[in-house]
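Down below is the structure, laid out as structure tokens.
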Amino acid sequence: MVGEKSFSRREFLGLGTAGAGAVLLGGCGAASGGAGKTLKVGNIGWDEDVAVANLTRILLQEHLNYGEVTLKTLEAGALFQGVAGGDLDTFQDVWLPKTHASYWKKFGDEVTRLQSWYEGAGTLGLAVPDYVEAKSIADLNRYRSRFGGRITGIESGAGEMSIVQNRVIPAYGLNYRLVASSTPAMLSALKKAIAAKKPIVVTLWKPHWAFTDFPIRYLEDPKDAFGKPDHIYTIVRKGLNKDQPEAYALLDAIKLSSEQLGKLELSIRKHGRNTPAKGVRAWLEDNRRVVDPWMKAAKKAGKGS
């Protein structure tokens, strides 16, 4: 992504490792009559993956009679290896062509990749409230006094911070100081500035619930200093379409817009990230029309098996 080196998204965002041990997320009673059907879903712990993996789990267990769907939180390499080796049935947060390029090169031939389920793109950028006058990163020097010559960042070790410091600022000749903090601190500063209608520019990425919760937008990047975007895919183990056609069809049918995913993430946050099933169920109450086509595809595949 930067030069010839490929960075993981975890490096970009400065997220801590999830650990190599399997962690069961959420809680949900098994649906009656489905004791024989199980699925193992890999989860990297990023907000969008927590959301889509738990949505998959609820739909399978509570609407497609799966007895047990387990979510295992692992690091990227273990997730790819797990799906390739059959220890995991699926992993739904594969960023290509850049972020997971090294893993795809190693394991791509050993897994099946489904269509991109996220209708947007995986991107990095500088975000501002909608009410600020600046439209492009190139405009920042013009409005330097209003922003205080400050870009509010996240963790200092994050690859995104390195990109802003070493690529974006030089590319646009910005007379700005990149201030490291933490992701929660950056979001808190953004919320506070918006409440006071003050200008602020922050490092941010998509998909992220902040774009749904706050009136914000990316500054345009005409020099492409952040690089081209990724798309988000699902991978499944070889043979899943034959031995679990319902699950395969559901995974292949899932499609979420930026707004739909953002609202799902916010619902999980609202109801408690340690109990994501509650947030998923609340979201489903208002989004039956979104999931109906997925369910029809899954049930049709199940009847044909």
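The way I read the labels, and the way they are meant: chains A, B, ... in the order of the structure tokens, residue 1 as the first residue of every chain, and ligand 1 as the first ligand shown, with later ones counted on from there.
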- Among segment 42-245 of chain A, which residues carry a DSSP assignment of strand (DSSP E), reported as a ChimeraX atom specification? /A:42-43,68-73,90-96,111-116,123-129,150-152,177-179,202-206,216-218,231-237
Quick one: contact table of segment 223-287 of chain A to segment 209-215 of chain A, 8 Å max, nearest atom pair and distance in Å to one decimal per residue, counting only C-alpha atoms, chain and number order, as a Markdown table?
```
| residue | atom | partner | partner_atom | distance |
| --- | --- | --- | --- | --- |
| A:Glu259 | CA | A:Thr212 | CA | 6.2 |
| A:Leu261 | CA | A:Trp209 | CA | 7.8 |
| A:Gly262 | CA | A:Trp209 | CA | 4.5 |
| A:Lys263 | CA | A:Thr212 | CA | 6.8 |
| A:Glu265 | CA | A:Trp209 | CA | 6.1 |
| A:Leu266 | CA | A:Trp209 | CA | 6.3 |
```
Serialized selection, C-alpha atoms, as a short mmCIF file (atom, residue, chain, number, x, y, z; two decimals), in the first residue's frame:
```
data_model
loop_
_atom_site.label_atom_id
_atom_site.label_comp_id
_atom_site.auth_asym_id
_atom_site.auth_seq_id
_atom_site.Cartn_x
_atom_site.Cartn_y
_atom_site.Cartn_z
CA GLU A 259 -25.93 3.20 5.79
CA LEU A 261 -23.97 -1.45 7.97
CA GLY A 262 -23.49 1.77 9.92
CA LYS A 263 -26.89 1.41 11.58
CA GLU A 265 -22.87 -1.27 14.03
CA LEU A 266 -24.58 1.51 15.99
#
```
- Message: Which residues are close to segment 240-250 of chain A, i.e. within 9 Å by only C-alpha atoms, leaving aside same-chain residues fewer than 4 positions away? Reply as a list in words.
- Response: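 Neighbouring residues, sequence-local ones excluded: Lys37, Leu39, Thr56, Leu59, Leu60, Leu64, Asp89, Thr90, Thr112, Val236, Ile254, Trp294, Met295, Lys296, Ala297, Ala298, Lys299, Lys300, Ala301, Gly302, Lys303, Gly304 and Ser305 of chain A.
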- Calculate how many Å separate atom CA of Glu48 of chain A from atom CA of Leu256 of chain A, rounding to one decimal. 10.6 Å
If we count only C-alpha atoms and set the cut-off at 8 Å, which residues sit around Phe226 of chain A, ignoring sequence neighbours fewer than 3 positions away in its own chain? Please answer as a PDB file with N, CA, C and O atoms, in the first residue's frame.
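That gives us selection-v8.pdb:
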```pdb
ATOM      1  N   LEU A 124      -9.314   4.906   3.510  1.00  0.00           N
ATOM      2  CA  LEU A 124      -8.736   5.764   4.538  1.00  0.00           C
ATOM      3  C   LEU A 124      -8.852   7.208   4.061  1.00  0.00           C
ATOM      4  O   LEU A 124      -8.868   7.467   2.855  1.00  0.00           O
ATOM      5  N   GLY A 125      -8.917   8.157   5.006  1.00  0.00           N
ATOM      6  CA  GLY A 125      -9.002   9.544   4.582  1.00  0.00           C
ATOM      7  C   GLY A 125      -8.987  10.519   5.743  1.00  0.00           C
ATOM      8  O   GLY A 125      -8.887  10.129   6.912  1.00  0.00           O
ATOM      9  N   ILE A 163       0.927   7.158   7.079  1.00  0.00           N
ATOM     10  CA  ILE A 163       0.543   7.594   5.737  1.00  0.00           C
ATOM     11  C   ILE A 163       0.253   9.092   5.721  1.00  0.00           C
ATOM     12  O   ILE A 163       0.688   9.817   4.824  1.00  0.00           O
ATOM     13  N   VAL A 164      -0.491   9.558   6.725  1.00  0.00           N
ATOM     14  CA  VAL A 164      -0.802  10.986   6.786  1.00  0.00           C
ATOM     15  C   VAL A 164       0.478  11.806   6.934  1.00  0.00           C
ATOM     16  O   VAL A 164       0.678  12.809   6.244  1.00  0.00           O
ATOM     17  N   ARG A 167       3.023  10.752   3.666  1.00  0.00           N
ATOM     18  CA  ARG A 167       2.542  10.851   2.283  1.00  0.00           C
ATOM     19  C   ARG A 167       1.592  12.021   2.078  1.00  0.00           C
ATOM     20  O   ARG A 167       1.770  12.814   1.152  1.00  0.00           O
ATOM     21  N   VAL A 168       0.552  12.113   2.926  1.00  0.00           N
ATOM     22  CA  VAL A 168      -0.491  13.111   2.698  1.00  0.00           C
ATOM     23  C   VAL A 168       0.015  14.531   2.952  1.00  0.00           C
ATOM     24  O   VAL A 168      -0.161  15.418   2.110  1.00  0.00           O
ATOM     25  N   ASP A 221      -9.375  13.849  -2.186  1.00  0.00           N
ATOM     26  CA  ASP A 221      -7.943  13.552  -2.253  1.00  0.00           C
ATOM     27  C   ASP A 221      -7.511  13.484  -3.721  1.00  0.00           C
ATOM     28  O   ASP A 221      -7.235  12.414  -4.249  1.00  0.00           O
TER      29      ASP A 221
END
```
Write out as a tab-separated table (two decimals) with N, CA and C atoms, in the first residue's frame which residues come within 8 Å of Ser136 of chain A when counting only C-alpha atoms, dropping same-chain ones fewer than 3 positions away.
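What landed in around33.tsv:
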```tsv
chain	number	residue	atom	x	y	z
A	139	ASP	N	-7.39	22.21	0.29
A	139	ASP	CA	-7.94	23.44	0.86
A	139	ASP	C	-7.48	23.70	2.29
A	140	LEU	N	-6.87	22.74	2.93
A	140	LEU	CA	-6.58	22.86	4.35
A	140	LEU	C	-5.66	24.03	4.69
A	219	LEU	N	-12.55	14.67	3.10
A	219	LEU	CA	-12.01	15.68	2.21
A	219	LEU	C	-11.56	14.97	0.93
A	220	GLU	N	-11.81	15.58	-0.21
A	220	GLU	CA	-11.38	14.99	-1.48
A	220	GLU	C	-9.86	14.87	-1.50
A	221	ASP	N	-9.38	13.85	-2.19
A	221	ASP	CA	-7.94	13.55	-2.25
A	221	ASP	C	-7.51	13.48	-3.72
A	222	PRO	N	-7.47	14.64	-4.41
A	222	PRO	CA	-7.19	14.63	-5.85
A	222	PRO	C	-5.82	14.08	-6.21
```
- Apply DSSP to the structure's backbone, then extract all residues of segment 72-268 of chain A labelled helix (DSSP H, G or I) and return them as a count of residues only. 82
